[in-house]
$ cat work.csv   # CSV, C-alpha atoms
chain,number,residue,atom,x,y,z
A,1,MET,CA,-8.4,1.4,-32.1
A,2,GLY,CA,-7.1,3.9,-29.7
A,3,PRO,CA,-8.0,3.9,-26.0
A,4,ARG,CA,-11.5,4.8,-25.1
A,5,THR,CA,-12.4,4.9,-21.5
A,6,ASP,CA,-11.2,7.5,-19.1
A,7,ILE,CA,-9.2,4.9,-17.3
A,8,GLU,CA,-7.4,3.9,-20.5
A,9,LEU,CA,-6.8,7.6,-21.4
A,10,VAL,CA,-5.4,8.4,-18.0
A,11,GLU,CA,-3.2,5.3,-18.1
A,12,GLN,CA,-1.9,6.4,-21.4
A,13,ALA,CA,-1.2,9.9,-20.1
A,14,ASN,CA,0.6,8.4,-17.1
A,15,THR,CA,2.7,6.2,-19.4
A,16,GLU,CA,3.5,9.2,-21.6
A,17,LEU,CA,4.8,11.1,-18.6
A,18,TYR,CA,7.4,8.5,-17.9
A,19,GLU,CA,8.3,7.9,-21.5
A,20,ALA,CA,9.0,11.6,-22.0
A,21,VAL,CA,11.5,11.5,-19.1
A,22,GLU,CA,13.0,8.3,-20.5
A,23,ARG,CA,13.6,10.0,-23.8
A,24,GLY,CA,14.7,13.3,-22.2
A,25,ASP,CA,12.0,14.9,-24.3
A,26,HIS,CA,11.4,18.2,-22.5
A,27,GLU,CA,8.9,19.4,-25.1
A,28,ALA,CA,6.7,16.4,-24.8
A,29,LEU,CA,6.9,16.6,-21.0
A,30,SER,CA,5.9,20.3,-21.0
A,31,ALA,CA,2.9,19.5,-23.1
A,32,LEU,CA,1.7,16.9,-20.6
A,33,TRP,CA,1.6,19.3,-17.7
A,34,LEU,CA,-1.4,21.3,-16.9
A,35,ASP,CA,-1.4,25.0,-17.7
A,36,GLY,CA,-2.0,26.0,-14.1
A,37,GLN,CA,-0.8,25.8,-10.5
A,38,VAL,CA,1.0,22.5,-10.8
A,39,SER,CA,3.3,20.9,-8.3
A,40,VAL,CA,6.0,18.2,-8.1
A,41,VAL,CA,7.9,16.4,-5.4
A,42,HIS,CA,10.8,14.3,-6.7
A,43,PRO,CA,12.1,11.7,-4.3
A,44,GLY,CA,13.7,13.3,-1.3
A,45,TRP,CA,13.1,16.8,-2.7
A,46,PRO,CA,11.0,19.7,-1.2
A,47,VAL,CA,7.8,20.7,-3.0
A,48,LEU,CA,8.2,22.6,-6.3
A,49,ARG,CA,5.2,24.8,-7.4
A,50,GLY,CA,4.3,26.3,-10.7
A,51,ARG,CA,5.1,25.3,-14.3
A,52,GLY,CA,8.4,27.2,-14.3
A,53,GLU,CA,9.9,25.5,-11.3
A,54,VAL,CA,8.4,22.1,-12.2
A,55,LEU,CA,9.7,22.1,-15.7
A,56,ARG,CA,13.1,23.4,-14.7
A,57,SER,CA,13.5,20.6,-12.2
A,58,TYR,CA,12.9,18.0,-15.0
A,59,ALA,CA,15.3,19.8,-17.3
A,60,LEU,CA,17.9,19.5,-14.5
A,61,ILE,CA,17.2,15.9,-13.9
A,62,MET,CA,17.2,15.0,-17.5
A,63,ALA,CA,20.5,16.9,-18.1
A,64,ASN,CA,22.1,14.9,-15.4
A,65,THR,CA,20.8,11.4,-16.3
A,66,GLU,CA,22.5,9.4,-19.0
A,67,TYR,CA,20.0,6.6,-19.0
A,68,ILE,CA,16.7,6.0,-17.2
A,69,GLN,CA,14.0,3.5,-17.6
A,70,PHE,CA,10.8,3.1,-15.6
A,71,PHE,CA,9.1,-0.2,-15.2
A,72,LEU,CA,5.7,0.7,-13.8
A,73,THR,CA,3.8,-1.8,-11.6
A,74,ASP,CA,0.8,-1.6,-9.3
A,75,VAL,CA,-0.8,1.1,-11.5
A,76,GLU,CA,-4.1,2.0,-9.9
A,77,ILE,CA,-6.4,4.6,-11.4
A,78,ASP,CA,-9.4,6.3,-9.8
A,79,VAL,CA,-11.4,8.8,-11.8
A,80,MET,CA,-13.8,11.2,-10.2
A,81,GLY,CA,-15.4,13.8,-12.4
A,82,ASP,CA,-12.6,15.7,-14.2
A,83,THR,CA,-9.8,14.5,-11.9
A,84,ALA,CA,-7.9,11.3,-12.0
A,85,LEU,CA,-5.7,10.0,-9.2
A,86,VAL,CA,-3.0,7.5,-10.2
A,87,THR,CA,-0.8,5.5,-7.8
A,88,CYS,CA,2.0,3.4,-9.1
A,89,THR,CA,5.3,1.8,-8.3
A,90,GLU,CA,8.3,3.1,-10.3
A,91,ASN,CA,10.9,0.4,-10.6
A,92,ILE,CA,13.7,2.6,-11.9
A,93,LEU,CA,16.8,1.5,-13.7
A,94,SER,CA,19.2,4.4,-14.3
A,95,GLY,CA,22.7,5.0,-15.4
A,96,GLY,CA,25.1,7.6,-13.9
A,97,PRO,CA,27.3,10.0,-15.8
A,98,ALA,CA,29.0,8.7,-18.9
A,99,GLU,CA,32.4,7.0,-18.7
A,100,ASP,CA,35.3,8.4,-20.7
A,101,ASP,CA,34.6,6.0,-23.5
A,102,GLY,CA,31.0,7.4,-23.8
A,103,SER,CA,29.2,4.5,-22.2
A,104,VAL,CA,26.9,5.0,-19.3
A,105,GLY,CA,28.1,4.4,-15.8
A,106,PRO,CA,27.0,1.5,-13.6
A,107,LEU,CA,23.3,0.9,-13.7
A,108,ILE,CA,21.4,1.4,-10.4
A,109,GLY,CA,18.0,0.3,-9.4
A,110,GLN,CA,15.6,2.3,-7.3
A,111,LEU,CA,12.2,1.7,-5.9
A,112,VAL,CA,9.9,4.7,-5.9
A,113,VAL,CA,6.2,5.1,-5.3
A,114,ALA,CA,4.2,7.9,-7.0
A,115,THR,CA,0.9,9.6,-6.7
A,116,ASN,CA,0.0,11.4,-9.9
A,117,VAL,CA,-3.0,13.7,-10.3
A,118,PHE,CA,-4.4,14.4,-13.7
A,119,ARG,CA,-7.1,16.9,-14.9
A,120,ARG,CA,-9.3,16.5,-17.9
A,121,THR,CA,-8.8,19.2,-20.4
A,122,GLU,CA,-10.0,19.8,-23.9
A,123,GLU,CA,-6.7,18.5,-25.2
A,124,GLY,CA,-6.8,15.4,-23.0
A,125,TRP,CA,-5.7,14.5,-19.5
A,126,ARG,CA,-2.9,16.7,-18.1
A,127,VAL,CA,-0.7,16.4,-15.1
A,128,TRP,CA,-1.6,18.5,-12.1
A,129,SER,CA,0.7,17.0,-9.5
A,130,HIS,CA,3.4,14.3,-9.3
A,131,HIS,CA,4.7,13.2,-6.0
A,132,GLY,CA,7.4,10.5,-5.9
A,133,SER,CA,9.1,9.1,-2.9
A,134,PRO,CA,11.6,6.4,-2.1
A,135,VAL,CA,10.4,3.1,-0.6
A,136,LEU,CA,12.6,2.4,2.4
A,137,THR,CA,13.2,-1.2,3.2
A,138,ASP,CA,15.0,-2.5,6.2
A,139,GLY,CA,15.2,-6.2,5.7
A,140,GLU,CA,12.5,-8.8,5.9
A,141,ASP,CA,11.8,-8.6,9.6
A,142,ASP,CA,8.1,-8.0,9.3
A,143,GLY,CA,7.4,-11.1,7.4
A,144,ASP,CA,5.0,-9.3,5.1
A,145,ASP,CA,5.8,-9.3,1.4
A,146,ASP,CA,4.0,-6.2,0.3
A,147,GLY,CA,2.7,-4.6,3.5
A,148,PRO,CA,4.1,-1.5,5.1
A,149,ALA,CA,7.2,-1.4,7.2
A,150,GLY,CA,6.8,-2.5,10.8
A,151,PRO,CA,5.6,0.1,13.3
A,152,GLY,CA,9.0,0.6,15.0
A,153,GLU,CA,10.3,2.2,11.8
A,154,VAL,CA,7.5,4.6,11.3
A,155,ALA,CA,6.8,6.1,14.7
A,156,GLY,CA,6.4,9.8,14.0
A,157,GLY,CA,6.5,9.4,10.3
A,158,VAL,CA,3.1,10.2,9.1
B,1,MET,CA,-17.8,33.7,11.5
B,2,GLY,CA,-16.7,30.3,10.2
B,3,PRO,CA,-14.6,29.8,7.1
B,4,ARG,CA,-16.3,30.7,3.8
B,5,THR,CA,-14.3,30.2,0.7
B,6,ASP,CA,-13.3,26.8,-0.7
B,7,ILE,CA,-9.7,27.7,0.0
B,8,GLU,CA,-10.5,28.3,3.7
B,9,LEU,CA,-12.7,25.1,4.0
B,10,VAL,CA,-9.9,23.0,2.4
B,11,GLU,CA,-7.3,24.5,4.7
B,12,GLN,CA,-9.5,23.7,7.6
B,13,ALA,CA,-10.0,20.1,6.4
B,14,ASN,CA,-6.2,19.8,5.9
B,15,THR,CA,-5.5,21.1,9.4
B,16,GLU,CA,-8.1,18.7,10.9
B,17,LEU,CA,-6.4,15.8,9.3
B,18,TYR,CA,-3.2,16.5,11.2
B,19,GLU,CA,-5.0,17.4,14.4
B,20,ALA,CA,-6.7,14.1,14.4
B,21,VAL,CA,-3.4,12.3,14.2
B,22,GLU,CA,-1.9,14.5,16.9
B,23,ARG,CA,-4.8,13.6,19.2
B,24,GLY,CA,-4.7,9.9,18.1
B,25,ASP,CA,-8.4,10.3,17.3
B,26,HIS,CA,-9.1,7.5,14.9
B,27,GLU,CA,-12.9,8.2,14.7
B,28,ALA,CA,-12.2,11.8,13.6
B,29,LEU,CA,-9.6,10.6,11.1
B,30,SER,CA,-12.0,8.1,9.6
B,31,ALA,CA,-14.7,10.7,9.2
B,32,LEU,CA,-12.2,12.9,7.3
B,33,TRP,CA,-11.4,10.3,4.6
B,34,LEU,CA,-13.5,9.9,1.5
B,35,ASP,CA,-15.8,7.0,1.2
B,36,GLY,CA,-14.1,5.7,-1.9
B,37,GLN,CA,-10.9,4.4,-3.4
B,38,VAL,CA,-8.6,6.4,-1.2
B,39,SER,CA,-4.8,6.0,-1.0
B,40,VAL,CA,-2.0,6.9,1.3
B,41,VAL,CA,1.8,6.9,1.2
B,42,HIS,CA,3.5,7.4,4.6
B,43,PRO,CA,7.1,8.5,4.4
B,44,GLY,CA,9.2,5.6,3.1
B,45,TRP,CA,6.2,3.3,2.8
B,46,PRO,CA,4.7,1.7,-0.3
B,47,VAL,CA,1.2,2.8,-1.5
B,48,LEU,CA,-1.7,1.7,0.6
B,49,ARG,CA,-5.1,1.6,-1.2
B,50,GLY,CA,-8.7,1.5,0.1
B,51,ARG,CA,-10.2,2.8,3.3
B,52,GLY,CA,-9.5,-0.4,5.2
B,53,GLU,CA,-5.7,-0.4,4.6
B,54,VAL,CA,-5.4,3.3,4.9
B,55,LEU,CA,-7.2,3.5,8.3
B,56,ARG,CA,-5.4,0.5,9.6
B,57,SER,CA,-2.1,2.1,8.8
B,58,TYR,CA,-3.0,5.2,10.8
B,59,ALA,CA,-4.2,3.0,13.7
B,60,LEU,CA,-0.8,1.3,13.7
B,61,ILE,CA,1.1,4.6,13.5
B,62,MET,CA,-1.0,6.2,16.3
B,63,ALA,CA,-0.6,3.1,18.5
B,64,ASN,CA,3.1,3.3,18.2
B,65,THR,CA,3.5,7.1,18.7
B,66,GLU,CA,3.5,8.5,22.2
B,67,TYR,CA,3.6,12.1,21.1
B,68,ILE,CA,3.4,13.8,17.7
B,69,GLN,CA,3.0,17.4,16.7
B,70,PHE,CA,2.8,18.9,13.2
B,71,PHE,CA,3.9,22.4,12.4
B,72,LEU,CA,2.6,23.0,8.9
B,73,THR,CA,4.4,25.5,6.7
B,74,ASP,CA,4.3,26.4,3.0
B,75,VAL,CA,0.6,25.4,2.8
B,76,GLU,CA,-0.5,25.9,-0.8
B,77,ILE,CA,-4.0,25.2,-1.9
B,78,ASP,CA,-5.3,24.9,-5.5
B,79,VAL,CA,-9.0,24.2,-6.1
B,80,MET,CA,-10.3,23.0,-9.5
B,81,GLY,CA,-14.0,22.1,-9.6
B,82,ASP,CA,-14.7,19.6,-6.9
B,83,THR,CA,-11.0,18.7,-6.2
B,84,ALA,CA,-8.5,20.5,-4.1
B,85,LEU,CA,-4.8,19.8,-4.2
B,86,VAL,CA,-2.8,20.9,-1.1
B,87,THR,CA,0.9,20.8,-0.7
B,88,CYS,CA,2.6,21.5,2.6
B,89,THR,CA,5.7,21.0,4.7
B,90,GLU,CA,5.2,19.0,7.8
B,91,ASN,CA,7.7,20.0,10.5
B,92,ILE,CA,7.2,17.1,12.8
B,93,LEU,CA,8.1,16.8,16.4
B,94,SER,CA,7.5,13.4,17.8
B,95,GLY,CA,8.3,11.4,20.9
B,96,GLY,CA,9.3,7.7,21.0
B,97,PRO,CA,8.0,5.0,23.3
B,98,ALA,CA,7.3,6.0,26.9
B,99,GLU,CA,10.1,5.7,29.4
B,100,ASP,CA,9.6,3.6,32.5
B,101,ASP,CA,8.4,6.6,34.5
B,102,GLY,CA,5.6,7.2,31.9
B,103,SER,CA,7.2,10.1,30.2
B,104,VAL,CA,7.8,10.2,26.4
B,105,GLY,CA,11.2,9.3,25.0
B,106,PRO,CA,13.5,11.8,23.4
B,107,LEU,CA,11.8,14.1,21.0
B,108,ILE,CA,12.9,13.9,17.4
B,109,GLY,CA,12.3,16.3,14.5
B,110,GLN,CA,11.5,15.3,11.0
B,111,LEU,CA,11.0,17.2,7.8
B,112,VAL,CA,8.3,15.8,5.5
B,113,VAL,CA,6.5,17.2,2.5
B,114,ALA,CA,3.0,16.2,1.6
B,115,THR,CA,0.6,16.3,-1.3
B,116,ASN,CA,-3.0,16.0,-0.1
B,117,VAL,CA,-5.9,15.7,-2.4
B,118,PHE,CA,-9.4,16.5,-1.2
B,119,ARG,CA,-12.9,16.0,-2.9
B,120,ARG,CA,-15.9,18.1,-2.2
B,121,THR,CA,-18.8,16.1,-0.8
B,122,GLU,CA,-22.1,17.1,0.7
B,123,GLU,CA,-20.6,16.7,4.1
B,124,GLY,CA,-17.6,18.9,3.3
B,125,TRP,CA,-14.1,18.3,1.9
B,126,ARG,CA,-12.8,14.8,2.4
B,127,VAL,CA,-9.4,13.3,1.9
B,128,TRP,CA,-8.9,11.3,-1.3
B,129,SER,CA,-5.1,10.9,-1.1
B,130,HIS,CA,-2.3,11.7,1.2
B,131,HIS,CA,1.3,11.3,0.1
B,132,GLY,CA,4.1,12.2,2.5
B,133,SER,CA,7.8,11.9,1.9
B,134,PRO,CA,11.0,12.7,3.8
B,135,VAL,CA,13.0,15.7,2.6
B,136,LEU,CA,16.6,14.5,2.3
B,137,THR,CA,19.3,17.0,2.9
B,138,ASP,CA,22.9,16.6,2.4
B,139,GLY,CA,24.5,19.7,3.7
B,140,GLU,CA,24.6,23.1,2.2
B,141,ASP,CA,26.7,22.5,-0.9
B,142,ASP,CA,24.2,23.8,-3.4
B,143,GLY,CA,24.1,27.3,-1.9
B,144,ASP,CA,20.4,27.5,-2.3
B,145,ASP,CA,18.2,28.0,0.8
B,146,ASP,CA,15.0,26.5,-0.4
B,147,GLY,CA,15.7,25.1,-3.8
B,148,PRO,CA,16.0,21.4,-4.7
B,149,ALA,CA,19.0,19.3,-4.0
B,150,GLY,CA,21.8,19.6,-6.5
B,151,PRO,CA,21.6,17.5,-9.7
B,152,GLY,CA,24.3,15.1,-8.5
B,153,GLU,CA,22.0,13.8,-5.8
B,154,VAL,CA,19.0,13.2,-7.9
B,155,ALA,CA,20.2,11.5,-11.1
B,156,GLY,CA,17.7,8.8,-11.7
B,157,GLY,CA,15.4,9.9,-8.9
B,158,VAL,CA,12.3,11.1,-10.7
$ encode --input "work.csv" --output "structure tokens"
Amino acid sequence: MGPRTDIELVEQANTELYEAVERGDHEALSALWLDGQVSVVHPGWPVLRGRGEVLRSYALIMANTEYIQFFLTDVEIDVMGDTALVTCTENILSGGPAEDDGSVGPLIGQLVVATNVFRRTEEGWRVWSHHGSPVLTDGEDDGDDDGPAGPGEVAGGV
Amino acid sequence: MGPRTDIELVEQANTELYEAVERGDHEALSALWLDGQVSVVHPGWPVLRGRGEVLRSYALIMANTEYIQFFLTDVEIDVMGDTALVTCTENILSGGPAEDDGSVGPLIGQLVVATNVFRRTEEGWRVWSHHGSPVLTDGEDDGDDDGPAGPGEVAGGV
């Protein structure tokens, strides 16, 4: 049995988005994005708008990534009408450029949070917007395992 | 004449969101957020979910910010049905804790990009999600005024 509910279908589309990047599958990635005024923010990047810019940015990232794997946690999905809003944590393990012997470079871990917006289409749920950003940690001084950073770190950062 | 089109109404709601933070007006801010499963990501923070957590985070930020002003640029609005997706650049000028004489501390500038999602309600457009993230720059080595950072900086950061 395939997935049935909107929540399940959106979760599947969200998973497919990351799997396409993991495989470096530009064609699958293109098919997942809405045919419209899409936007993307990669961690630390400015906003990119429109299918052309969005898909070029992924091509660039995939061309410069030897290995990447996403372990998604905290996936929360809210569907209202024909729009779905997904938030999740991307626990990323990635490898740098290949070494001379063809192996990937040292693996690095990254913690990124994402807000992904999907629209219902006749072909299924498609990505309207992806916004990923680094989670900045500064030690454990706030004594709060999963809460936000302490106020001193965020003054002005809204 | 007030604003008329959806685009104008959404732009007004987006502006009001930032103005409420500038004024430290928690009541106005609360009224702008959807009564539902909202989410927020402040720059460098993890995802916060639900009106309670979202509004508490703003209260915390506003309590720890003496002065903040947003100069919005690159505001792009896309409306599909009852959902609006806004991207913009927040050029932020903020002041730290007050000095002994009551004045604000040194002003600092910050460059943040945001994806804001609004839903149409009977009371007007309301915020469903705000995701803000720092734009990281590393000099001018990519020779591209407003494009993304070069590939070397983003490997693995998707």
$ calpha_fit_and_write --input "work.csv" --fixed "chain B" --moving "chain A" --output "JSON list (two decimals) with C-alpha atoms, in the frame of the given file"
[["chain", "number", "residue", "atom", "x", "y", "z"],
["A", 1, "MET", "CA", -17.80, 33.54, 11.54],
["A", 2, "GLY", "CA", -16.70, 30.25, 10.23],
["A", 3, "PRO", "CA", -14.61, 29.86, 7.07],
["A", 4, "ARG", "CA", -16.27, 30.63, 3.83],
["A", 5, "THR", "CA", -14.30, 30.18, 0.72],
["A", 6, "ASP", "CA", -13.29, 26.86, -0.68],
["A", 7, "ILE", "CA", -9.71, 27.65, 0.06],
["A", 8, "GLU", "CA", -10.49, 28.32, 3.72],
["A", 9, "LEU", "CA", -12.63, 25.12, 3.93],
["A", 10, "VAL", "CA", -9.93, 22.99, 2.39],
["A", 11, "GLU", "CA", -7.31, 24.53, 4.68],
["A", 12, "GLN", "CA", -9.46, 23.71, 7.59],
["A", 13, "ALA", "CA", -9.93, 20.13, 6.41],
["A", 14, "ASN", "CA", -6.16, 19.82, 5.93],
["A", 15, "THR", "CA", -5.56, 21.15, 9.46],
["A", 16, "GLU", "CA", -8.15, 18.74, 10.85],
["A", 17, "LEU", "CA", -6.33, 15.82, 9.27],
["A", 18, "TYR", "CA", -3.20, 16.56, 11.17],
["A", 19, "GLU", "CA", -4.92, 17.43, 14.40],
["A", 20, "ALA", "CA", -6.73, 14.10, 14.40],
["A", 21, "VAL", "CA", -3.36, 12.29, 14.17],
["A", 22, "GLU", "CA", -1.96, 14.55, 16.88],
["A", 23, "ARG", "CA", -4.77, 13.57, 19.18],
["A", 24, "GLY", "CA", -4.72, 9.90, 18.11],
["A", 25, "ASP", "CA", -8.38, 10.36, 17.32],
["A", 26, "HIS", "CA", -9.09, 7.48, 14.93],
["A", 27, "GLU", "CA", -12.79, 8.30, 14.71],
["A", 28, "ALA", "CA", -12.25, 11.83, 13.65],
["A", 29, "LEU", "CA", -9.62, 10.71, 11.14],
["A", 30, "SER", "CA", -11.97, 8.10, 9.62],
["A", 31, "ALA", "CA", -14.61, 10.72, 9.16],
["A", 32, "LEU", "CA", -12.22, 12.94, 7.19],
["A", 33, "TRP", "CA", -11.45, 10.31, 4.60],
["A", 34, "LEU", "CA", -13.46, 9.94, 1.53],
["A", 35, "ASP", "CA", -15.85, 7.01, 1.25],
["A", 36, "GLY", "CA", -14.16, 5.65, -1.86],
["A", 37, "GLN", "CA", -10.94, 4.41, -3.45],
["A", 38, "VAL", "CA", -8.57, 6.36, -1.26],
["A", 39, "SER", "CA", -4.84, 6.01, -1.02],
["A", 40, "VAL", "CA", -1.95, 6.89, 1.32],
["A", 41, "VAL", "CA", 1.81, 6.86, 1.19],
["A", 42, "HIS", "CA", 3.47, 7.48, 4.56],
["A", 43, "PRO", "CA", 7.10, 8.48, 4.40],
["A", 44, "GLY", "CA", 9.23, 5.67, 3.09],
["A", 45, "TRP", "CA", 6.21, 3.34, 2.86],
["A", 46, "PRO", "CA", 4.71, 1.60, -0.28],
["A", 47, "VAL", "CA", 1.29, 2.75, -1.48],
["A", 48, "LEU", "CA", -1.73, 1.71, 0.63],
["A", 49, "ARG", "CA", -5.15, 1.59, -1.19],
["A", 50, "GLY", "CA", -8.65, 1.52, 0.11],
["A", 51, "ARG", "CA", -10.23, 2.78, 3.36],
["A", 52, "GLY", "CA", -9.44, -0.45, 5.22],
["A", 53, "GLU", "CA", -5.73, -0.44, 4.59],
["A", 54, "VAL", "CA", -5.46, 3.36, 4.92],
["A", 55, "LEU", "CA", -7.20, 3.51, 8.22],
["A", 56, "ARG", "CA", -5.37, 0.51, 9.60],
["A", 57, "SER", "CA", -2.04, 2.10, 8.79],
["A", 58, "TYR", "CA", -3.01, 5.21, 10.88],
["A", 59, "ALA", "CA", -4.23, 3.04, 13.71],
["A", 60, "LEU", "CA", -0.78, 1.37, 13.67],
["A", 61, "ILE", "CA", 1.05, 4.60, 13.57],
["A", 62, "MET", "CA", -1.00, 6.17, 16.24],
["A", 63, "ALA", "CA", -0.62, 3.08, 18.52],
["A", 64, "ASN", "CA", 3.08, 3.36, 18.22],
["A", 65, "THR", "CA", 3.51, 7.15, 18.72],
["A", 66, "GLU", "CA", 3.52, 8.60, 22.19],
["A", 67, "TYR", "CA", 3.59, 12.18, 21.09],
["A", 68, "ILE", "CA", 3.41, 13.91, 17.70],
["A", 69, "GLN", "CA", 2.95, 17.43, 16.66],
["A", 70, "PHE", "CA", 2.85, 18.90, 13.16],
["A", 71, "PHE", "CA", 3.87, 22.42, 12.45],
["A", 72, "LEU", "CA", 2.61, 23.02, 8.93],
["A", 73, "THR", "CA", 4.38, 25.56, 6.66],
["A", 74, "ASP", "CA", 4.30, 26.36, 2.96],
["A", 75, "VAL", "CA", 0.60, 25.38, 2.76],
["A", 76, "GLU", "CA", -0.47, 25.89, -0.83],
["A", 77, "ILE", "CA", -4.01, 25.18, -1.98],
["A", 78, "ASP", "CA", -5.32, 24.88, -5.53],
["A", 79, "VAL", "CA", -8.99, 24.22, -6.11],
["A", 80, "MET", "CA", -10.33, 23.03, -9.40],
["A", 81, "GLY", "CA", -13.98, 22.13, -9.59],
["A", 82, "ASP", "CA", -14.70, 19.56, -6.84],
["A", 83, "THR", "CA", -11.04, 18.66, -6.20],
["A", 84, "ALA", "CA", -8.53, 20.43, -4.10],
["A", 85, "LEU", "CA", -4.79, 19.81, -4.20],
["A", 86, "VAL", "CA", -2.83, 20.80, -1.09],
["A", 87, "THR", "CA", 0.98, 20.85, -0.76],
["A", 88, "CYS", "CA", 2.59, 21.52, 2.54],
["A", 89, "THR", "CA", 5.67, 21.05, 4.64],
["A", 90, "GLU", "CA", 5.21, 18.93, 7.80],
["A", 91, "ASN", "CA", 7.70, 19.98, 10.41],
["A", 92, "ILE", "CA", 7.18, 17.05, 12.75],
["A", 93, "LEU", "CA", 8.11, 16.85, 16.38],
["A", 94, "SER", "CA", 7.52, 13.36, 17.80],
["A", 95, "GLY", "CA", 8.30, 11.38, 20.85],
["A", 96, "GLY", "CA", 9.31, 7.67, 20.90],
["A", 97, "PRO", "CA", 7.96, 5.00, 23.20],
["A", 98, "ALA", "CA", 7.35, 5.95, 26.79],
["A", 99, "GLU", "CA", 10.11, 5.65, 29.39],
["A", 100, "ASP", "CA", 9.55, 3.50, 32.46],
["A", 101, "ASP", "CA", 8.44, 6.49, 34.43],
["A", 102, "GLY", "CA", 5.65, 7.16, 31.82],
["A", 103, "SER", "CA", 7.25, 10.12, 30.13],
["A", 104, "VAL", "CA", 7.80, 10.18, 26.43],
["A", 105, "GLY", "CA", 11.15, 9.30, 25.00],
["A", 106, "PRO", "CA", 13.53, 11.78, 23.38],
["A", 107, "LEU", "CA", 11.82, 14.14, 21.02],
["A", 108, "ILE", "CA", 12.86, 13.91, 17.33],
["A", 109, "GLY", "CA", 12.31, 16.29, 14.53],
["A", 110, "GLN", "CA", 11.52, 15.32, 10.98],
["A", 111, "LEU", "CA", 11.00, 17.19, 7.80],
["A", 112, "VAL", "CA", 8.30, 15.80, 5.53],
["A", 113, "VAL", "CA", 6.58, 17.16, 2.47],
["A", 114, "ALA", "CA", 2.97, 16.18, 1.62],
["A", 115, "THR", "CA", 0.60, 16.32, -1.25],
["A", 116, "ASN", "CA", -2.98, 15.97, -0.09],
["A", 117, "VAL", "CA", -5.97, 15.62, -2.41],
["A", 118, "PHE", "CA", -9.40, 16.49, -1.20],
["A", 119, "ARG", "CA", -12.89, 15.99, -2.81],
["A", 120, "ARG", "CA", -15.92, 18.09, -2.19],
["A", 121, "THR", "CA", -18.73, 16.15, -0.74],
["A", 122, "GLU", "CA", -22.08, 17.03, 0.70],
["A", 123, "GLU", "CA", -20.60, 16.78, 4.17],
["A", 124, "GLY", "CA", -17.60, 18.94, 3.28],
["A", 125, "TRP", "CA", -14.15, 18.36, 1.85],
["A", 126, "ARG", "CA", -12.80, 14.81, 2.34],
["A", 127, "VAL", "CA", -9.42, 13.30, 1.87],
["A", 128, "TRP", "CA", -8.86, 11.30, -1.27],
["A", 129, "SER", "CA", -5.11, 10.84, -1.13],
["A", 130, "HIS", "CA", -2.21, 11.72, 1.21],
["A", 131, "HIS", "CA", 1.30, 11.26, 0.10],
["A", 132, "GLY", "CA", 4.12, 12.17, 2.50],
["A", 133, "SER", "CA", 7.78, 11.83, 1.94],
["A", 134, "PRO", "CA", 10.99, 12.68, 3.73],
["A", 135, "VAL", "CA", 13.03, 15.70, 2.61],
["A", 136, "LEU", "CA", 16.61, 14.53, 2.23],
["A", 137, "THR", "CA", 19.26, 17.07, 2.90],
["A", 138, "ASP", "CA", 22.92, 16.59, 2.39],
["A", 139, "GLY", "CA", 24.52, 19.71, 3.70],
["A", 140, "GLU", "CA", 24.52, 23.19, 2.27],
["A", 141, "ASP", "CA", 26.62, 22.53, -0.80],
["A", 142, "ASP", "CA", 24.17, 23.92, -3.29],
["A", 143, "GLY", "CA", 24.03, 27.30, -1.78],
["A", 144, "ASP", "CA", 20.28, 27.49, -2.27],
["A", 145, "ASP", "CA", 18.14, 27.93, 0.82],
["A", 146, "ASP", "CA", 14.90, 26.47, -0.37],
["A", 147, "GLY", "CA", 15.64, 25.04, -3.82],
["A", 148, "PRO", "CA", 15.95, 21.39, -4.64],
["A", 149, "ALA", "CA", 18.98, 19.30, -3.95],
["A", 150, "GLY", "CA", 21.81, 19.61, -6.45],
["A", 151, "PRO", "CA", 21.62, 17.45, -9.58],
["A", 152, "GLY", "CA", 24.33, 14.97, -8.49],
["A", 153, "GLU", "CA", 22.01, 13.70, -5.76],
["A", 154, "VAL", "CA", 19.00, 13.19, -7.89],
["A", 155, "ALA", "CA", 20.25, 11.50, -11.04],
["A", 156, "GLY", "CA", 17.72, 8.75, -11.67],
["A", 157, "GLY", "CA", 15.41, 9.88, -8.97],
["A", 158, "VAL", "CA", 12.40, 11.15, -10.69]]
$ atom_distance --input "work.csv" --atom1 "CA of Thr83 (chain A)" --atom2 "CA of His130 (chain A)"
13.5 Å
$ atom_distance --input "work.csv" --atom1 "CA of Arg23 (chain A)" --atom2 "CA of Glu90 (chain A)"
16.1 Å
$ atom_distance --input "work.csv" --atom1 "CA of Asp6 (chain A)" --atom2 "CA of Gly50 (chain A)"
25.8 Å
$ residues_around --input "work.csv" --residues "Trp45 (chain B)" --least-positions-apart "2" --cutoff "6 Å" --atoms "all atoms listed in the file" --output "ChimeraX atom specification"
/A:135,148 /B:41-43
$ closest_residue --input "work.csv" --among "A:Asp101, A:Gly44, A:Met80, A:Met62" --to "chain B" --atoms "all atoms listed in the file"
A:Gly44
$ residues_near_point --input "work.csv" --point "(1.7, 5.1, 0.2)" --cutoff "10 Å" --atoms "all atoms listed in the file" --output "list in words"
Thr87, Cys88, Thr89, Val113, Ala114, Thr115, Gly132, Ser133, Val135 and Pro148 of chain A; Ser39, Val40, Val41, His42, Pro43, Gly44, Trp45, Pro46, Val47, Leu48, Arg49, Val54, Ser57, Ser129, His130, His131, Gly132 and Ser133 of chain B
$ closest_residue --input "work.csv" --among "A:Asn64, A:Thr73, A:Thr121, A:Ser30" --to "Gly95 (chain A)" --atoms "only C-alpha atoms"
A:Asn64
$ closest_residue --input "work.csv" --among "A:Arg51, A:Val38, A:Trp125, A:Leu32" --to "chain B" --atoms "all atoms listed in the file"
A:Val38
$ closest_residue --input "work.csv" --among "A:Asp35, A:Glu8, A:Asp74, A:Glu16" --to "chain B" --atoms "only C-alpha atoms"
A:Asp74
